Amino acid sequence: MEKIVVKCINELKGEVNISSAKNAVLPIIAATILCPQNITIENTPMLEDVRVICRLLGELNCDVNISQFDDKLEINTKNIVPIDADIELIRKMRASFLIMGPMLARFGYCKLSMPGGCNIGSRPIDLHLKGFKLLGADVTSDHGFVEVKAKKLTGNRIYLDFPSVGATENIMMASVFANGTTIIENAAEEPEIWDLANFLNSMGANIKGAGFGKITIEGVDKLKGVSYTPIYDRIEAGTFMVAAAITNSKIKINGFNEEHLRPLIEKLKECGVKFGNYENNSVIVDGKVEKRPLDIKTLPYPGFPTDMQPQMMSLLSVVNGVSVITETVFENRFMHVAELQRMGANIKIDGRTAVVEGTLKLTGCEVKATDLRAGAAMILSGLIAEGETIIGDIYHIDRGYVNIEEKFSKLGAEIYRVKM
Ligand code: UD1
C-alpha cells in the first residue's frame, strides 16, 4: 500500500504550473461519444479518473490513445457499441455516469449501473433523469441499473431544483441533437460547464448561455472532430494558493483564470493573503502576512467552492481566532475533521457547520485521505505540522492531482511516496 509522507518545512519558494481541470476534462471525454470523428484533447491531466473514463470508452469499443509524452489524448468513438457498461468502472467513479447523456443522444439508448454514493454524501441522480424524461426518454431503474430509451429526443424547458453540475452537463450533452430548442433553467454556472459548451460548440453544436443560469441548446444534425485544450484546474490552483498561505510563503502560480477563482481569492484576501503581478495567467500569492479568521459558506458557483472547503479548513485551523465553515452543497463533507483533530486541530461540528478555533501548532501523525480534497488538506496541514505526517488512502489524491509530490517538491517541500 502506498502512502505520502510530508515533513514540516519553513517555507515554499518558486513557481508551480497548474494542469488542465479534471472536472472539465471528464465531461469533455464523455462528450466525444457524440461525434464519430477524430478528437484530440491537448494538455490532458493524466489522472486516475481520466484513465478510468478512458478505460470505460475502451470497454465500449472506442479507440483511445493516451500519449504520456505530450499529455495528448486521441479518441475516436466511430465504432462505439451501446453495450451495458462495466459496473465496476461506473461504481469506481461517479463521473462515468456522464456518458449516459451522450449515449442517449447518439443511440437513443443507454443502460448503466446506478452510481454509488461516496464519502461526501449520497449524491442522487434524480435531476439527470428528470432532464432525460423531459426530453422524451423513457427512464426505468431496477436491480441497480438505470435504463434510458428514446426514438427521438425533443427539446423542452427543464428546470433544475438545484444547479447540479453533473445534471447540467448530462442534459446539455443529451440535447445536442434533440429536435428544436432545449432550455435548462437554474443550470449550474461552474466554469467547467462553459468549457464543455465551448468544446461542443467548436464541434458544431449550438449552445448559448453556458456559464449562466439559463442555457439554450438548438438541436443540430451532427458534430465534427476537433482538437481542444480544456481550461486550467481552478481547484488545483486554489490548493497551491492555500499552500502559500498556510506555510507563510510567497509563490508564483502559472496557469489560472482570475475570474474562475474570484470566490476563493476574495476569501483569502479577507484572511490577509496578498495577490499581485497578475500577468499571462499567472499570479504571485503572498502568504507572509498576519492572518484573520473567516466565515465561509460553500455554495454553487459563483459561491465559495465546496471542493476548496477541506483545504481552507486546514488553513483556518492554524489562524488565530474562531472561524465558521458551513457546508451547504454536500451533506457529509466533514470527514477530514477527525483527521485534522488527530493532528491537534481544534474543530467542533454541529450539523453542516464546523467551528474552527485556530491553534498555534499541529503535530504530524498517521492520517487518511478520506476523499480527494480531504487528501489535499492533509498535505497542506502536513507541511506545517511538527515532525512527519503520513497520509494513507492516497488513491483519492491520485484521482485529482497530477504529480502532486513533484509539484510540491519543486517548491521546496519535503514530500515523498513510500510503500508500506
Ligand atoms: C461536481 C464535481 C465535484 C464538485 C461538485 C460540486 C465533477 C466531475 N465533479 O460533482 O468535484 O464537488 O460538482 O461543485 O465535475 N444532486 C441531486 N440530484 C442530482 C444531482 C445532484 O440532488 O441529480 C445534489 C447532490 O446530492 C449534491 C449537489 O446536488 O448535494 C451537488 O451535486 P452536483 O453539482 O451534481 O455535483 P457533481 O456533478 O456530482
# chains A, B, ... in the order shown; residues from 1 in each chain; ligands from 1

$ residues_around --residues "Gly272 of chain A" --least-positions-apart "4" --cutoff "8 Å" --atoms "only C-alpha atoms" --output "NGL selection string"
:A and (268 or 287 or 289-292)

$ write_last_selection --atoms "C-alpha atoms" --output "mmCIF file, in the first residue's frame"
data_model
loop_
_atom_site.group_PDB
_atom_site.id
_atom_site.type_symbol
_atom_site.label_atom_id
_atom_site.label_comp_id
_atom_site.auth_asym_id
_atom_site.auth_seq_id
_atom_site.Cartn_x
_atom_site.Cartn_y
_atom_site.Cartn_z
ATOM 1 C CA LEU A 268 -8.083 34.615 1.010
ATOM 2 C CA GLY A 287 1.103 34.382 2.370
ATOM 3 C CA VAL A 289 1.108 38.095 6.345
ATOM 4 C CA GLU A 290 -0.832 38.277 9.600
ATOM 5 C CA LYS A 291 -3.969 36.212 9.031
ATOM 6 C CA ARG A 292 -7.520 36.711 10.203
#

$ residues_around --residues "segment 185-191 of chain A" --least-positions-apart "3" --cutoff "7 Å" --atoms "only C-alpha atoms" --output "list in words"
Ile158, Tyr159, Leu160, Phe162, Pro163, Ser164, Val165, Thr168, Trp194, Asp195, Gly211, Phe212, Gly213, Lys214, Ile215, His260 and Tyr301 of chain A

$ write_last_selection --atoms "N, CA and C atoms" --output "PDB file, in the first residue's frame"
ATOM      1  N   ILE A 158     -36.373  22.724 -19.105  1.00  0.00           N
ATOM      2  CA  ILE A 158     -36.029  21.856 -17.968  1.00  0.00           C
ATOM      3  C   ILE A 158     -35.542  22.728 -16.821  1.00  0.00           C
ATOM      4  N   TYR A 159     -36.296  22.710 -15.744  1.00  0.00           N
ATOM      5  CA  TYR A 159     -35.887  23.490 -14.574  1.00  0.00           C
ATOM      6  C   TYR A 159     -35.223  22.557 -13.564  1.00  0.00           C
ATOM      7  N   LEU A 160     -33.994  22.872 -13.153  1.00  0.00           N
ATOM      8  CA  LEU A 160     -33.306  22.038 -12.158  1.00  0.00           C
ATOM      9  C   LEU A 160     -33.614  22.576 -10.757  1.00  0.00           C
ATOM     10  N   PHE A 162     -31.971  22.107  -8.180  1.00  0.00           N
ATOM     11  CA  PHE A 162     -30.678  22.530  -7.633  1.00  0.00           C
ATOM     12  C   PHE A 162     -29.721  22.611  -8.823  1.00  0.00           C
ATOM     13  N   PRO A 163     -28.846  23.636  -8.853  1.00  0.00           N
ATOM     14  CA  PRO A 163     -27.960  23.762 -10.027  1.00  0.00           C
ATOM     15  C   PRO A 163     -26.844  22.715 -10.015  1.00  0.00           C
ATOM     16  N   SER A 164     -27.218  21.460 -10.257  1.00  0.00           N
ATOM     17  CA  SER A 164     -26.250  20.357 -10.240  1.00  0.00           C
ATOM     18  C   SER A 164     -25.316  20.446 -11.448  1.00  0.00           C
ATOM     19  N   VAL A 165     -24.032  20.315 -11.178  1.00  0.00           N
ATOM     20  CA  VAL A 165     -23.019  20.376 -12.237  1.00  0.00           C
ATOM     21  C   VAL A 165     -23.218  19.191 -13.196  1.00  0.00           C
ATOM     22  N   THR A 168     -26.527  19.282 -15.216  1.00  0.00           N
ATOM     23  CA  THR A 168     -26.476  20.294 -16.286  1.00  0.00           C
ATOM     24  C   THR A 168     -25.672  19.747 -17.470  1.00  0.00           C
ATOM     25  N   TRP A 194     -19.152  25.985 -18.872  1.00  0.00           N
ATOM     26  CA  TRP A 194     -18.827  26.836 -20.019  1.00  0.00           C
ATOM     27  C   TRP A 194     -17.847  26.110 -20.933  1.00  0.00           C
ATOM     28  N   ASP A 195     -16.850  25.443 -20.327  1.00  0.00           N
ATOM     29  CA  ASP A 195     -15.815  24.782 -21.130  1.00  0.00           C
ATOM     30  C   ASP A 195     -16.412  23.640 -21.958  1.00  0.00           C
ATOM     31  N   GLY A 211     -22.587  28.739 -18.515  1.00  0.00           N
ATOM     32  CA  GLY A 211     -21.820  29.552 -17.567  1.00  0.00           C
ATOM     33  C   GLY A 211     -22.747  30.536 -16.862  1.00  0.00           C
ATOM     34  N   PHE A 212     -24.006  30.577 -17.331  1.00  0.00           N
ATOM     35  CA  PHE A 212     -25.032  31.392 -16.672  1.00  0.00           C
ATOM     36  C   PHE A 212     -26.177  30.457 -16.299  1.00  0.00           C
ATOM     37  N   GLY A 213     -27.174  30.999 -15.612  1.00  0.00           N
ATOM     38  CA  GLY A 213     -28.231  30.135 -15.088  1.00  0.00           C
ATOM     39  C   GLY A 213     -29.196  29.576 -16.118  1.00  0.00           C
ATOM     40  N   LYS A 214     -29.192  30.144 -17.346  1.00  0.00           N
ATOM     41  CA  LYS A 214     -30.143  29.677 -18.363  1.00  0.00           C
ATOM     42  C   LYS A 214     -29.374  29.318 -19.633  1.00  0.00           C
ATOM     43  N   ILE A 215     -29.422  28.042 -19.982  1.00  0.00           N
ATOM     44  CA  ILE A 215     -28.671  27.567 -21.154  1.00  0.00           C
ATOM     45  C   ILE A 215     -29.672  27.173 -22.245  1.00  0.00           C
ATOM     46  N   HIS A 260     -12.314  32.698 -12.573  1.00  0.00           N
ATOM     47  CA  HIS A 260     -12.794  31.402 -12.058  1.00  0.00           C
ATOM     48  C   HIS A 260     -12.498  31.227 -10.572  1.00  0.00           C
ATOM     49  N   TYR A 301     -21.276  27.629  -7.752  1.00  0.00           N
ATOM     50  CA  TYR A 301     -20.580  28.751  -8.384  1.00  0.00           C
ATOM     51  C   TYR A 301     -21.584  29.829  -8.792  1.00  0.00           C
TER      52      TYR A 301
END

$ residues_around --residues "Gly344 of chain A" --least-positions-apart "4" --cutoff "7 Å" --atoms "only C-alpha atoms" --output "ChimeraX atom specification"
/A:340,362-363

$ write_last_selection --atoms "N, CA, C and O atoms" --output "compact mmCIF listing (two decimals), in the first residue's frame"
# COMPACT_ATOMS: atom_id res chain seq x y z
N LEU A 340 -7.93 16.01 10.93
CA LEU A 340 -7.28 17.25 11.38
C LEU A 340 -7.22 17.29 12.91
O LEU A 340 -6.23 17.76 13.49
N LEU A 362 0.21 22.34 14.87
CA LEU A 362 -0.31 21.00 14.59
C LEU A 362 0.88 20.04 14.74
O LEU A 362 2.03 20.45 14.58
N THR A 363 0.57 18.78 15.03
CA THR A 363 1.66 17.80 15.10
C THR A 363 1.41 16.67 14.10
O THR A 363 0.28 16.21 13.94

$ residues_near_ligand --ligand "ligand 1" --cutoff "9 Å" --atoms "only C-alpha atoms and all ligand atoms" --output "ChimeraX atom specification"
/A:22-27,49,93-96,98,120-130,160-169,188,190,192-193,235,299-301,305-308,328-331,372-373

$ residues_around --residues "segment 146-156 of chain A" --least-positions-apart "6" --cutoff "7 Å" --atoms "only C-alpha atoms" --output "ChimeraX atom specification"
/A:104,108-114,134-140,175,178-183

$ write_last_selection --atoms "C-alpha atoms" --output "compact mmCIF listing (two decimals), in the first residue's frame"
# COMPACT_ATOMS: atom_id res chain seq x y z
CA LEU A 104 -28.83 8.61 -25.28
CA GLY A 108 -31.47 6.58 -28.19
CA TYR A 109 -30.45 4.01 -25.59
CA CYS A 110 -28.19 3.57 -22.60
CA LYS A 111 -28.14 1.26 -19.60
CA LEU A 112 -25.72 1.84 -16.75
CA SER A 113 -25.39 0.65 -13.22
CA MET A 114 -26.62 3.23 -10.72
CA LEU A 134 -38.44 15.88 -20.20
CA LEU A 135 -36.51 15.39 -23.43
CA GLY A 136 -38.84 12.47 -24.18
CA ALA A 137 -36.86 9.46 -22.91
CA ASP A 138 -38.38 6.51 -21.09
CA VAL A 139 -36.45 6.08 -17.87
CA THR A 140 -36.60 2.90 -15.81
CA SER A 175 -29.98 17.60 -26.05
CA ALA A 178 -32.74 16.96 -29.98
CA ASN A 179 -35.50 18.35 -32.22
CA GLY A 180 -35.96 22.08 -31.61
CA THR A 181 -34.91 24.07 -28.57
CA THR A 182 -33.93 22.89 -25.09
CA ILE A 183 -33.72 25.38 -22.25
